[in-house]
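K.L.:
A single structure is presented below for examination.
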Amino acid sequence: MDTSAPPAELDEDGLAMLVDALQARGLAVIGPTVRDGAIVLAELTSADELPYGWGVEAEAGTYRLRRRDDRAAFAHSAGPQSWKTFLHPPRARLWQADRAEDGTVTVREDDDPPPRYAFLGVRPCDLRAIAVQDRVLTGGAYADPVYGPRRAAAFIVVTECTEPSGVCFCASMGTGPGLPDGAVYDLALTETIEPEGLRYLVRAGSPDGEDVLAGLPTHPTDGEHARRAVADAAGRMGRTMDPTDLRSLMAGTMTAERWDQVADRCLTCGNCTMVCPTCFCTTTEETTDLIGDHAERWRRWDSCFDLDFSYLHGTGPVRSSARSRYRQWLTHKLGTWHDQFGSSGCVGCGRCIAWCPVGIDLTEEVAALRAEAETSEGAP
Amino acid sequence: MHATTPVPYRVLARRRETADTVTLDLVPAAGPLRPFRPGQYAMLYAFGTGEIPASVSGISGDTLGHTVRAVGKVSEALCRAERGDWIGARGPYGTVWQTPPAGSDVLIVSGGIGLAPLRPLIEEVLDRAKEFGTISVLAGYRNPGEQLFLADLPRWRSRAHVHVTVDHPEPGWPGATGLVTGLLDSAGYRPDRCAAYLCGPEVMMRATARDLLRRGVPADRIRASLERNMRCATAWCGHCQLGPVLVCRDGPVFGWDHAEGLLSTPER
Ligand SMILES: Cc1cc2nc3c(=O)[nH]c(=O)nc-3n(C[C@H](O)[C@H](O)[C@H](O)COP(=O)(O)OP(=O)(O)OC[C@H]3O[C@@H](n4cnc5c(N)ncnc54)[C@H](O)[C@@H]3O)c2cc1C
Ligand code: SF4
Ligand code: SF4
Ligand code: FES
């Protein structure tokens with residue numbers, strides 16, 4: 001990429017033209033829009049559907065839209081969904097099988113071309129979450145047939161974050177609010193609110209991105225205002241998490257008392273796993289038609305909080321208590337994810353804090369586990 | 001072809017082992033899967049019902065042996081399969097029973113259906129018996145009716161020490177009674193020259209490993225096959241997590257030097 005290109009910006013019309021240009025390439029543009037009292041991710045017919053003038057207030061167990069006193073389109077933090085809804089869909093068919101009269105079964109994979117998406121408004125934390133899922137679903141010995149082709153076809157427009165919420169802590173995790181070094185994307189935008197209207201500092205991160213950008217009307221800028229807005233955001237995170245050696249902290253606190261304390265509050269509802277942009281767990285289901293000669297294998301999201309998740313015949317659920325299930329979730333996310341996939345499983349988006357019905361906050365849990373570990377180390 | 005798409009196999013032969021356990025010999029109906037090695041497992045698919053992990057219990061050319069105990073809907077469907085029936089299979093998956101170093105005494109210890117995954121190892125070791133010292137197979141069952149591979153025993157006995165024990169004997173039971181760990185004293189093996197292989201319920205493997213360690217068998221010479229719920233076998237579904245490992249990918253066979261730590265934190 002030509003990183004020496006002079007900084008350029010789009011105005012609001014330019015942003016609208018970007019959406020049109022992506023559609024003209026045959027991509028379904030997915031972006032934020034207001035629906036049912038939340039900012040959701042959905043296919044946009046035009047830039048008009050962006051959540052202009054809407055902001056978000058999020059706290060532990062709380063999420064509310066609020067009217068802003070400006071027109072900003074991307075001044076809201078993470079909503080209940082993440083891009084995994086599109087790349088790693090909640091339900092997907094893996095194959096179909098038909099049984100002939102002689103008992104021979106033919107298994108057919110779907111050969112429909114994968115949907116081709118352009119994601120508009122991917123936060124740096126969520127860009128990292130996509131990179132985390134890449135490692136899990138396509139980085140090992142087997143490449144996931146649903147995720148892989150969708151991911152390969154996706155055009156990613158990042159928007160740096162200038163408006164973190166009360167539950168955000170990406171700055172602690174090194175994943176935002178600005179684009180970290182080495183981030184891989186097609187286009188990156190930074191929204192600023194200027195007296196003359198909305199402005200978007202824009203740069204290309206891939207040849208495809210350059211190609212799209214070349215067709216858009218840009219104005220020169222020094223980009224200073226945008227850089228300041230992002231730097232400011234880093235200081236306005238609602239939460240922090242001390243990232244020091246979380247992996248050994250998790251490995252060393254398996255018998256901590258704090259797990260009992262959090263288990264008293266946790267409803268084991270699994271909301272945290274559904275909203276988390278990196279949680280990838282799935283189960284499979286077999287469906288058949290009435291006659292029983294046509295079968296389909298479906299895969300759907302599953303949660304480590306579900307009792308059946310660890311079910312073994314003869315033993316029952318390996319993890320039956322709320323304590324062991326919450327502990328599995330948190331120690332995996334922050335600890336054993338490193339062993340299994342070579343990175344952290346948490347990007348600091350704060351979704352699990354906002355969408356937990358009882359407001360369990362992992363940053364608070366980690367701080368408490370750390371305090372307990374330090375107390376017991378200091379003990380004679 | 002995608003990693004989770006089953007490949008067609010046919011039931012070549014079906015042998016009833018016990019009231020609830022059947023061994024199926026499966027032959028490829030199109031191309032074969034890559035060769036399996038002892039300790040590895042397949043995902044077996046019963047049409048219209050579902051898919052389960054099952055270790056290979058026999059390997060002979062392209063023919064795969066699987067010994068399945070009917071405990072739920074998929075295993076029941078597989079046990080009902082008859083000669084000529086269609087079965088889907090994918091694999092091979094997972095780690096292997098490493099062949100014992102030349103000159104070692106070989107100690108194979110099973111609990112219940114745990115003998116099935118060990119059978120291809122037993123066959124391999126017996127075929128090459130001259131390379132090893134004493135070969136012992138210790139099998140524990142709850143009752144005599146659970147015994148597997150009775151047809152193989154005479155052949156195994158000609159080259160190995162085979163001891164069977166049951167928790168609940170019937171009148172006239174000629175073998176030993178009690179836990180399989182009770183057989184460890186009578187099996188002849190040199191602890192410092194021994195390679196041990198364990199498969200069975202977790203409690204049985206823990207007790208056996210503990211006793212072997214106490215007798216001086218090094219932890220990295222003991223191998224055990226662990227079991228967790230598995231939906232994918234390809235490291236995508238998360239079900240088989242056991243602390244830092246995914247059993248489907250990093251196991252199921254682990255050295256005890258590794259397995260002991262994995263099993264040390266009660267998960268409940
Ligand atoms: C690596 C490995 C090798 C195995 N080898 C054999 C073998 O050689 N012979 C044999 O009889 N059995 C073997 N099993 C156990 C076998 O997979 C289970 O008995 C089977 O999954 C039960 O499924 P079901 O639908 O018949 O029963 P249900 O009780 O209806 O099971 C419901 C679901 O729970 C899960 N489940 C239940 N029990 C187990 C279990 N023990 N392990 C994993 N998932 C489970 C399955 O995903 C299943 O779909 C093996 C398991 C593993 C992990
Ligand atoms: S664990 Fe919570 S904060 Fe971390 S990535 Fe998942 S939802 Fe976001
Ligand atoms: S931590 Fe909260 S969201 Fe997660 S399972 Fe427990 S109650 Fe549900
Ligand atoms: S069985 Fe799916 S991750 Fe191991």
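Just so we're on the same page: first chain in the structure tokens is A, next is B, and so on; residues restart at 1 for each chain, and ligands are numbered from 1 in the order they show up.
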So which residues are near ligand 1, meaning at most 6 Å away with only C-alpha atoms and all ligand atoms counted, given back as a ChimeraX atom specification?
P.N.:
/A:311-313 /B:41,52-55,67-69,71-76,116-117,227-231,252
K.L.:
Wanna dump the chain B-ligand 4 contacts at 7 Å for me, each residue with its shortest atom pair and the distance in Å to one decimal, counting only C-alpha atoms and all ligand atoms, ordered by chain and number, as CSV?
P.N.:
residue,atom,partner,partner_atom_place_in_ligand_line,distance
B:Asn229,CA,ligand 4,1 (S),6.8
B:Met230,CA,ligand 4,1 (S),3.6
B:Arg231,CA,ligand 4,1 (S),4.7
B:Cys232,CA,ligand 4,2 (Fe),4.0
B:Ala233,CA,ligand 4,1 (S),4.0
B:Thr234,CA,ligand 4,2 (Fe),5.7
B:Ala235,CA,ligand 4,3 (S),3.5
B:Trp236,CA,ligand 4,3 (S),4.6
B:Cys237,CA,ligand 4,2 (Fe),3.7
B:Gly238,CA,ligand 4,3 (S),3.9
B:His239,CA,ligand 4,2 (Fe),5.2
B:Cys240,CA,ligand 4,4 (Fe),4.3
B:Gln241,CA,ligand 4,4 (Fe),6.6
B:Leu246,CA,ligand 4,4 (Fe),5.3
B:Val247,CA,ligand 4,4 (Fe),5.8
B:Cys248,CA,ligand 4,4 (Fe),4.2
B:Arg249,CA,ligand 4,4 (Fe),6.2
K.L.:
Output C-alpha atoms for every residue in that selection, as an mmCIF file, in the first residue's frame.
P.N.:
data_model
loop_
_atom_site.group_PDB
_atom_site.id
_atom_site.type_symbol
_atom_site.label_atom_id
_atom_site.label_comp_id
_atom_site.auth_asym_id
_atom_site.auth_seq_id
_atom_site.Cartn_x
_atom_site.Cartn_y
_atom_site.Cartn_z
ATOM 1 C CA ASN B 229 -17.784 -34.454 23.977
ATOM 2 C CA MET B 230 -16.923 -33.922 20.319
ATOM 3 C CA ARG B 231 -19.042 -32.392 17.572
ATOM 4 C CA CYS B 232 -16.534 -31.551 14.843
ATOM 5 C CA ALA B 233 -13.172 -33.331 15.308
ATOM 6 C CA THR B 234 -11.649 -30.420 13.347
ATOM 7 C CA ALA B 235 -10.979 -28.002 16.244
ATOM 8 C CA TRP B 236 -13.861 -25.663 15.324
ATOM 9 C CA CYS B 237 -16.687 -26.431 17.736
ATOM 10 C CA GLY B 238 -15.069 -25.999 21.164
ATOM 11 C CA HIS B 239 -16.861 -28.960 22.757
ATOM 12 C CA CYS B 240 -13.782 -31.041 23.520
ATOM 13 C CA GLN B 241 -11.955 -28.378 25.505
ATOM 14 C CA LEU B 246 -8.621 -29.457 22.405
ATOM 15 C CA VAL B 247 -8.906 -33.211 22.850
ATOM 16 C CA CYS B 248 -10.007 -33.733 19.224
ATOM 17 C CA ARG B 249 -6.864 -32.059 17.904
#
K.L.:
Using DSSP secondary structure from the backbone, list all alpha helix (DSSP H) positions within segment 238-377 of chain A, as an NGL selection string.
P.N.:
:A and (246-252 or 258-265 or 271-275 or 322-331 or 337-341 or 351-354 or 362-377)
K.L.:
Could you tell me, counting only C-alpha atoms and all ligand atoms, which protein and nucleic acid residues lie no more than 10 Å from ligand 3, written as number ranges by chain?
P.N.:
A: 60-61, 262-276, 303-306, 322-323, 325-327, 329-330, 351-362
K.L.:
Can you pull out the residues contacting Leu213 of chain B? Cut-off 12 Å, using only C-alpha atoms, and skip same-chain residues under 2 positions away; I want them as a VMD selection string.
P.N.:
chain B and resid 184 191 to 192 194 to 196 205 to 211 215 to 222 256 to 257 260
K.L.:
Once you have the residues from the selection above, write them out as a short mmCIF file (atom, residue, chain, number, x, y, z; two decimals), in the first residue's frame, restricted to N, CA and C atoms.
P.N.:
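The resulting out-v1.cif:
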data_model
loop_
_atom_site.label_atom_id
_atom_site.label_comp_id
_atom_site.auth_asym_id
_atom_site.auth_seq_id
_atom_site.Cartn_x
_atom_site.Cartn_y
_atom_site.Cartn_z
N LEU B 184 -1.86 -55.42 38.45
CA LEU B 184 -0.56 -54.83 38.10
C LEU B 184 0.60 -55.58 38.74
N PRO B 191 9.62 -51.84 35.45
CA PRO B 191 9.10 -50.46 35.45
C PRO B 191 9.97 -49.50 34.64
N ASP B 192 11.27 -49.67 34.69
CA ASP B 192 12.12 -48.71 33.98
C ASP B 192 12.26 -49.03 32.50
N CYS B 194 9.46 -50.11 30.62
CA CYS B 194 8.08 -50.47 30.27
C CYS B 194 7.41 -49.33 29.49
N ALA B 195 6.58 -49.66 28.53
CA ALA B 195 5.72 -48.67 27.88
C ALA B 195 4.29 -49.07 28.19
N ALA B 196 3.53 -48.16 28.81
CA ALA B 196 2.19 -48.51 29.26
C ALA B 196 1.14 -47.73 28.47
N MET B 205 -8.16 -44.85 34.75
CA MET B 205 -6.85 -44.46 34.21
C MET B 205 -6.02 -43.73 35.26
N ARG B 206 -6.70 -42.89 36.06
CA ARG B 206 -5.98 -42.20 37.13
C ARG B 206 -5.38 -43.19 38.11
N ALA B 207 -6.21 -44.16 38.54
CA ALA B 207 -5.75 -45.13 39.53
C ALA B 207 -4.60 -45.96 38.96
N THR B 208 -4.73 -46.35 37.70
CA THR B 208 -3.68 -47.17 37.09
C THR B 208 -2.39 -46.37 36.96
N ALA B 209 -2.51 -45.13 36.48
CA ALA B 209 -1.31 -44.30 36.31
C ALA B 209 -0.64 -44.06 37.66
N ARG B 210 -1.45 -43.79 38.66
CA ARG B 210 -0.90 -43.54 40.01
C ARG B 210 -0.08 -44.75 40.46
N ASP B 211 -0.65 -45.96 40.30
CA ASP B 211 0.05 -47.16 40.74
C ASP B 211 1.31 -47.40 39.91
N ARG B 215 5.25 -47.47 41.11
CA ARG B 215 6.16 -48.59 40.87
C ARG B 215 7.38 -48.18 40.05
N GLY B 216 7.43 -46.91 39.68
CA GLY B 216 8.64 -46.43 39.02
C GLY B 216 8.56 -46.32 37.50
N VAL B 217 7.36 -46.44 36.92
CA VAL B 217 7.24 -46.24 35.48
C VAL B 217 7.25 -44.72 35.22
N PRO B 218 8.15 -44.24 34.36
CA PRO B 218 8.18 -42.79 34.11
C PRO B 218 6.87 -42.30 33.47
N ALA B 219 6.44 -41.10 33.87
CA ALA B 219 5.15 -40.57 33.41
C ALA B 219 5.10 -40.50 31.88
N ASP B 220 6.22 -40.18 31.23
CA ASP B 220 6.16 -40.03 29.77
C ASP B 220 6.18 -41.38 29.05
N ARG B 221 6.27 -42.48 29.80
CA ARG B 221 6.16 -43.81 29.20
C ARG B 221 4.75 -44.38 29.38
N ILE B 222 3.88 -43.58 30.00
CA ILE B 222 2.48 -44.00 30.16
C ILE B 222 1.66 -43.16 29.20
N TRP B 256 1.21 -39.35 29.95
CA TRP B 256 0.70 -39.04 31.30
C TRP B 256 1.39 -37.81 31.88
N ASP B 257 2.62 -37.51 31.44
CA ASP B 257 3.29 -36.29 31.90
C ASP B 257 2.45 -35.06 31.56
N GLU B 260 -1.74 -35.84 33.29
CA GLU B 260 -1.92 -35.69 34.73
C GLU B 260 -2.30 -34.25 35.07
#
K.L.:
Between A:Asp11, A:Asp232, A:Asp126, A:Glu296, which one has atoms that come closest to ligand 2, using only C-alpha atoms and all ligand atoms?
P.N.:
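With only C-alpha atoms and all ligand atoms as the atom set, the closest residue is A:Asp126.
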K.L.:
For chain A, list the residues within 8 Å of chain B, counting only C-alpha atoms, and write the list as a ChimeraX atom specification.
P.N.:
/A:94-95,97,103-105,107,109,136-137,140-145,254,280-288,292-296,304,309-313,318-321,324,328,332,336-337,339-340
K.L.:
Leaving out segment 346-348 of chain A and any residue of its chain fewer than 5 positions from it, which residues lie within 12 Å of it when counting only C-alpha atoms, given as a PDB file with N, CA and C atoms, in the first residue's frame?
P.N.:
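selection-v8.pdb, written as the output of this step:
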ATOM      1  N   SER A  77     -20.900   2.923  20.247  1.00  0.00           N
ATOM      2  CA  SER A  77     -20.022   1.779  20.510  1.00  0.00           C
ATOM      3  C   SER A  77     -20.738   0.504  20.085  1.00  0.00           C
ATOM      4  N   ALA A  78     -20.105  -0.636  20.376  1.00  0.00           N
ATOM      5  CA  ALA A  78     -20.589  -1.930  19.904  1.00  0.00           C
ATOM      6  C   ALA A  78     -22.035  -2.204  20.309  1.00  0.00           C
ATOM      7  N   ARG A 123     -15.166  -1.694  13.872  1.00  0.00           N
ATOM      8  CA  ARG A 123     -14.279  -1.060  14.854  1.00  0.00           C
ATOM      9  C   ARG A 123     -12.951  -1.802  14.910  1.00  0.00           C
ATOM     10  N   PRO A 124     -11.888  -1.118  15.272  1.00  0.00           N
ATOM     11  CA  PRO A 124     -10.607  -1.828  15.414  1.00  0.00           C
ATOM     12  C   PRO A 124     -10.710  -3.050  16.342  1.00  0.00           C
ATOM     13  N   CYS A 125     -11.495  -2.941  17.450  1.00  0.00           N
ATOM     14  CA  CYS A 125     -11.609  -4.114  18.342  1.00  0.00           C
ATOM     15  C   CYS A 125     -12.266  -5.268  17.593  1.00  0.00           C
ATOM     16  N   ASP A 126     -13.268  -4.956  16.792  1.00  0.00           N
ATOM     17  CA  ASP A 126     -13.966  -6.002  16.037  1.00  0.00           C
ATOM     18  C   ASP A 126     -13.126  -6.519  14.867  1.00  0.00           C
ATOM     19  N   LEU A 127     -12.247  -5.664  14.336  1.00  0.00           N
ATOM     20  CA  LEU A 127     -11.328  -6.128  13.302  1.00  0.00           C
ATOM     21  C   LEU A 127     -10.402  -7.188  13.914  1.00  0.00           C
ATOM     22  N   ARG A 128      -9.956  -6.934  15.156  1.00  0.00           N
ATOM     23  CA  ARG A 128      -9.129  -7.926  15.835  1.00  0.00           C
ATOM     24  C   ARG A 128      -9.938  -9.195  16.101  1.00  0.00           C
ATOM     25  N   ALA A 129     -11.207  -9.015  16.446  1.00  0.00           N
ATOM     26  CA  ALA A 129     -12.042 -10.203  16.699  1.00  0.00           C
ATOM     27  C   ALA A 129     -12.139 -11.067  15.441  1.00  0.00           C
ATOM     28  N   ILE A 130     -12.225 -10.420  14.286  1.00  0.00           N
ATOM     29  CA  ILE A 130     -12.263 -11.183  13.031  1.00  0.00           C
ATOM     30  C   ILE A 130     -10.933 -11.924  12.854  1.00  0.00           C
ATOM     31  N   ALA A 131      -9.834 -11.247  13.167  1.00  0.00           N
ATOM     32  CA  ALA A 131      -8.520 -11.900  13.047  1.00  0.00           C
ATOM     33  C   ALA A 131      -8.423 -13.096  13.999  1.00  0.00           C
ATOM     34  N   VAL A 132      -9.046 -12.960  15.186  1.00  0.00           N
ATOM     35  CA  VAL A 132      -9.041 -14.076  16.153  1.00  0.00           C
ATOM     36  C   VAL A 132      -9.837 -15.252  15.583  1.00  0.00           C
ATOM     37  N   GLN A 133     -11.013 -14.962  15.033  1.00  0.00           N
ATOM     38  CA  GLN A 133     -11.804 -16.060  14.445  1.00  0.00           C
ATOM     39  C   GLN A 133     -11.108 -16.655  13.213  1.00  0.00           C
ATOM     40  N   PRO A 164     -15.993   5.822  22.664  1.00  0.00           N
ATOM     41  CA  PRO A 164     -16.144   4.579  23.430  1.00  0.00           C
ATOM     42  C   PRO A 164     -17.264   4.709  24.463  1.00  0.00           C
ATOM     43  N   SER A 165     -17.784   3.579  24.905  1.00  0.00           N
ATOM     44  CA  SER A 165     -18.863   3.628  25.899  1.00  0.00           C
ATOM     45  C   SER A 165     -18.324   3.255  27.273  1.00  0.00           C
ATOM     46  N   GLY A 166     -19.246   3.179  28.195  1.00  0.00           N
ATOM     47  CA  GLY A 166     -18.887   2.882  29.577  1.00  0.00           C
ATOM     48  C   GLY A 166     -18.356   1.475  29.792  1.00  0.00           C
ATOM     49  N   VAL A 167     -18.563   0.572  28.826  1.00  0.00           N
ATOM     50  CA  VAL A 167     -18.108  -0.807  29.032  1.00  0.00           C
ATOM     51  C   VAL A 167     -16.858  -1.144  28.208  1.00  0.00           C
ATOM     52  N   CYS A 168     -16.373  -0.160  27.435  1.00  0.00           N
ATOM     53  CA  CYS A 168     -15.246  -0.448  26.535  1.00  0.00           C
ATOM     54  C   CYS A 168     -13.915  -0.497  27.272  1.00  0.00           C
ATOM     55  N   PHE A 169     -13.017  -1.402  26.841  1.00  0.00           N
ATOM     56  CA  PHE A 169     -11.643  -1.410  27.375  1.00  0.00           C
ATOM     57  C   PHE A 169     -10.638  -1.886  26.332  1.00  0.00           C
ATOM     58  N   CYS A 170     -10.904  -1.546  25.063  1.00  0.00           N
ATOM     59  CA  CYS A 170      -9.987  -1.971  24.002  1.00  0.00           C
ATOM     60  C   CYS A 170      -8.601  -1.393  24.189  1.00  0.00           C
ATOM     61  N   ALA A 171      -8.508  -0.192  24.792  1.00  0.00           N
ATOM     62  CA  ALA A 171      -7.194   0.421  24.980  1.00  0.00           C
ATOM     63  C   ALA A 171      -6.328  -0.482  25.870  1.00  0.00           C
ATOM     64  N   SER A 172      -6.951  -1.128  26.874  1.00  0.00           N
ATOM     65  CA  SER A 172      -6.205  -2.051  27.742  1.00  0.00           C
ATOM     66  C   SER A 172      -5.716  -3.268  26.975  1.00  0.00           C
ATOM     67  N   MET A 173      -6.529  -3.723  26.024  1.00  0.00           N
ATOM     68  CA  MET A 173      -6.207  -4.958  25.322  1.00  0.00           C
ATOM     69  C   MET A 173      -5.342  -4.703  24.084  1.00  0.00           C
ATOM     70  N   GLY A 174      -5.043  -3.453  23.808  1.00  0.00           N
ATOM     71  CA  GLY A 174      -4.187  -3.129  22.667  1.00  0.00           C
ATOM     72  C   GLY A 174      -4.859  -3.346  21.320  1.00  0.00           C
ATOM     73  N   THR A 175      -6.185  -3.266  21.293  1.00  0.00           N
ATOM     74  CA  THR A 175      -6.890  -3.535  20.031  1.00  0.00           C
ATOM     75  C   THR A 175      -7.554  -2.283  19.445  1.00  0.00           C
ATOM     76  N   GLY A 176      -7.551  -1.178  20.144  1.00  0.00           N
ATOM     77  CA  GLY A 176      -8.194   0.045  19.679  1.00  0.00           C
ATOM     78  C   GLY A 176      -7.812   1.175  20.612  1.00  0.00           C
ATOM     79  N   PRO A 177      -8.449   2.329  20.493  1.00  0.00           N
ATOM     80  CA  PRO A 177      -9.538   2.706  19.591  1.00  0.00           C
ATOM     81  C   PRO A 177      -9.059   3.008  18.164  1.00  0.00           C
ATOM     82  N   MET A 237     -12.149   5.522  27.859  1.00  0.00           N
ATOM     83  CA  MET A 237     -12.696   4.168  27.986  1.00  0.00           C
ATOM     84  C   MET A 237     -13.390   4.049  29.346  1.00  0.00           C
ATOM     85  N   GLY A 238     -14.557   3.428  29.352  1.00  0.00           N
ATOM     86  CA  GLY A 238     -15.286   3.282  30.609  1.00  0.00           C
ATOM     87  C   GLY A 238     -14.665   2.264  31.552  1.00  0.00           C
ATOM     88  N   ARG A 239     -13.865   1.340  31.004  1.00  0.00           N
ATOM     89  CA  ARG A 239     -13.304   0.263  31.827  1.00  0.00           C
ATOM     90  C   ARG A 239     -11.839   0.072  31.472  1.00  0.00           C
ATOM     91  N   THR A 240     -11.106  -0.544  32.374  1.00  0.00           N
ATOM     92  CA  THR A 240      -9.738  -0.954  32.079  1.00  0.00           C
ATOM     93  C   THR A 240      -9.558  -2.385  32.564  1.00  0.00           C
ATOM     94  N   MET A 241      -8.600  -3.082  31.967  1.00  0.00           N
ATOM     95  CA  MET A 241      -8.234  -4.392  32.490  1.00  0.00           C
ATOM     96  C   MET A 241      -6.717  -4.477  32.445  1.00  0.00           C
ATOM     97  N   ASP A 242      -6.114  -4.803  33.580  1.00  0.00           N
ATOM     98  CA  ASP A 242      -4.660  -4.948  33.613  1.00  0.00           C
ATOM     99  C   ASP A 242      -4.300  -6.201  32.812  1.00  0.00           C
ATOM    100  N   PRO A 243      -3.626  -6.019  31.648  1.00  0.00           N
ATOM    101  CA  PRO A 243      -3.381  -7.177  30.788  1.00  0.00           C
ATOM    102  C   PRO A 243      -2.166  -8.010  31.206  1.00  0.00           C
ATOM    103  N   LEU A 246      -2.176 -12.329  31.881  1.00  0.00           N
ATOM    104  CA  LEU A 246      -3.504 -12.878  32.165  1.00  0.00           C
ATOM    105  C   LEU A 246      -3.508 -14.397  32.049  1.00  0.00           C
ATOM    106  N   ARG A 247      -2.667 -14.910  31.142  1.00  0.00           N
ATOM    107  CA  ARG A 247      -2.650 -16.350  30.934  1.00  0.00           C
ATOM    108  C   ARG A 247      -2.234 -17.087  32.206  1.00  0.00           C
ATOM    109  N   CYS A 272     -23.467 -13.797  27.270  1.00  0.00           N
ATOM    110  CA  CYS A 272     -22.111 -13.285  27.055  1.00  0.00           C
ATOM    111  C   CYS A 272     -21.458 -13.995  25.866  1.00  0.00           C
ATOM    112  N   THR A 273     -21.724 -15.293  25.714  1.00  0.00           N
ATOM    113  CA  THR A 273     -21.092 -16.031  24.613  1.00  0.00           C
ATOM    114  C   THR A 273     -21.737 -15.686  23.275  1.00  0.00           C
ATOM    115  N   CYS A 276     -20.419 -12.123  22.265  1.00  0.00           N
ATOM    116  CA  CYS A 276     -18.957 -11.986  22.136  1.00  0.00           C
ATOM    117  C   CYS A 276     -18.544 -12.199  20.679  1.00  0.00           C
ATOM    118  N   PRO A 277     -17.734 -11.286  20.137  1.00  0.00           N
ATOM    119  CA  PRO A 277     -17.358 -11.399  18.716  1.00  0.00           C
ATOM    120  C   PRO A 277     -16.338 -12.497  18.436  1.00  0.00           C
ATOM    121  N   THR A 278     -15.739 -13.073  19.478  1.00  0.00           N
ATOM    122  CA  THR A 278     -14.755 -14.136  19.212  1.00  0.00           C
ATOM    123  C   THR A 278     -15.287 -15.517  19.555  1.00  0.00           C
ATOM    124  N   CYS A 279     -16.294 -15.609  20.451  1.00  0.00           N
ATOM    125  CA  CYS A 279     -16.845 -16.921  20.825  1.00  0.00           C
ATOM    126  C   CYS A 279     -17.278 -17.639  19.546  1.00  0.00           C
ATOM    127  N   TRP A 329     -15.499 -20.338  30.809  1.00  0.00           N
ATOM    128  CA  TRP A 329     -15.622 -19.252  29.837  1.00  0.00           C
ATOM    129  C   TRP A 329     -14.492 -18.231  30.001  1.00  0.00           C
ATOM    130  N   LEU A 330     -14.302 -17.754  31.226  1.00  0.00           N
ATOM    131  CA  LEU A 330     -13.329 -16.681  31.422  1.00  0.00           C
ATOM    132  C   LEU A 330     -11.896 -17.185  31.258  1.00  0.00           C
ATOM    133  N   THR A 331     -11.601 -18.370  31.786  1.00  0.00           N
ATOM    134  CA  THR A 331     -10.218 -18.851  31.683  1.00  0.00           C
ATOM    135  C   THR A 331      -9.882 -19.197  30.227  1.00  0.00           C
ATOM    136  N   HIS A 332     -10.898 -19.595  29.464  1.00  0.00           N
ATOM    137  CA  HIS A 332     -10.641 -19.852  28.048  1.00  0.00           C
ATOM    138  C   HIS A 332     -10.360 -18.533  27.331  1.00  0.00           C
ATOM    139  N   LYS A 333     -11.295 -17.613  27.493  1.00  0.00           N
ATOM    140  CA  LYS A 333     -11.196 -16.307  26.833  1.00  0.00           C
ATOM    141  C   LYS A 333      -9.838 -15.643  27.052  1.00  0.00           C
ATOM    142  N   LEU A 334      -9.416 -15.584  28.314  1.00  0.00           N
ATOM    143  CA  LEU A 334      -8.225 -14.792  28.658  1.00  0.00           C
ATOM    144  C   LEU A 334      -6.971 -15.631  28.831  1.00  0.00           C
ATOM    145  N   GLY A 335      -7.139 -16.926  29.014  1.00  0.00           N
ATOM    146  CA  GLY A 335      -5.979 -17.760  29.334  1.00  0.00           C
ATOM    147  C   GLY A 335      -5.685 -18.817  28.291  1.00  0.00           C
ATOM    148  N   THR A 336      -6.485 -19.902  28.316  1.00  0.00           N
ATOM    149  CA  THR A 336      -6.131 -21.068  27.499  1.00  0.00           C
ATOM    150  C   THR A 336      -6.310 -20.823  26.000  1.00  0.00           C
ATOM    151  N   TRP A 337      -7.004 -19.733  25.641  1.00  0.00           N
ATOM    152  CA  TRP A 337      -7.086 -19.352  24.224  1.00  0.00           C
ATOM    153  C   TRP A 337      -5.664 -19.188  23.660  1.00  0.00           C
ATOM    154  N   HIS A 338      -4.769 -18.619  24.484  1.00  0.00           N
ATOM    155  CA  HIS A 338      -3.370 -18.465  24.064  1.00  0.00           C
ATOM    156  C   HIS A 338      -2.764 -19.828  23.729  1.00  0.00           C
ATOM    157  N   ILE A 353     -20.329  -7.336  28.987  1.00  0.00           N
ATOM    158  CA  ILE A 353     -20.670  -6.592  30.211  1.00  0.00           C
ATOM    159  C   ILE A 353     -22.047  -5.950  30.039  1.00  0.00           C
ATOM    160  N   ASP A 361     -19.262  -8.290  35.185  1.00  0.00           N
ATOM    161  CA  ASP A 361     -18.277  -7.490  34.452  1.00  0.00           C
ATOM    162  C   ASP A 361     -16.927  -8.204  34.527  1.00  0.00           C
ATOM    163  N   LEU A 362     -16.462  -8.698  33.379  1.00  0.00           N
ATOM    164  CA  LEU A 362     -15.222  -9.480  33.434  1.00  0.00           C
ATOM    165  C   LEU A 362     -14.033  -8.673  33.909  1.00  0.00           C
ATOM    166  N   THR A 363     -14.045  -7.353  33.685  1.00  0.00           N
ATOM    167  CA  THR A 363     -12.885  -6.574  34.154  1.00  0.00           C
ATOM    168  C   THR A 363     -12.858  -6.577  35.688  1.00  0.00           C
TER     169      THR A 363
END
K.L.:
So that I can check the surroundings of His66 of chain B, please list as an MDAnalysis selection string every protein, DNA and RNA residue that reaches within 8 Å of it, counting only C-alpha atoms and ignoring chain neighbours fewer than 3 positions away.
P.N.:
chainID B and resid 23:26 54:58 116
K.L.:
Would you list the contacts of Ala92 of chain A as a list in words, taking every protein, DNA or RNA residue within 10 Å and counting only C-alpha atoms, but skipping same-chain residues closer than 6 positions in sequence?
P.N.:
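Once the adjacent positions are removed, what remains is Val146, Tyr147, Thr284, Arg297, Trp298, Arg299, Arg300 and Trp301 of chain A.
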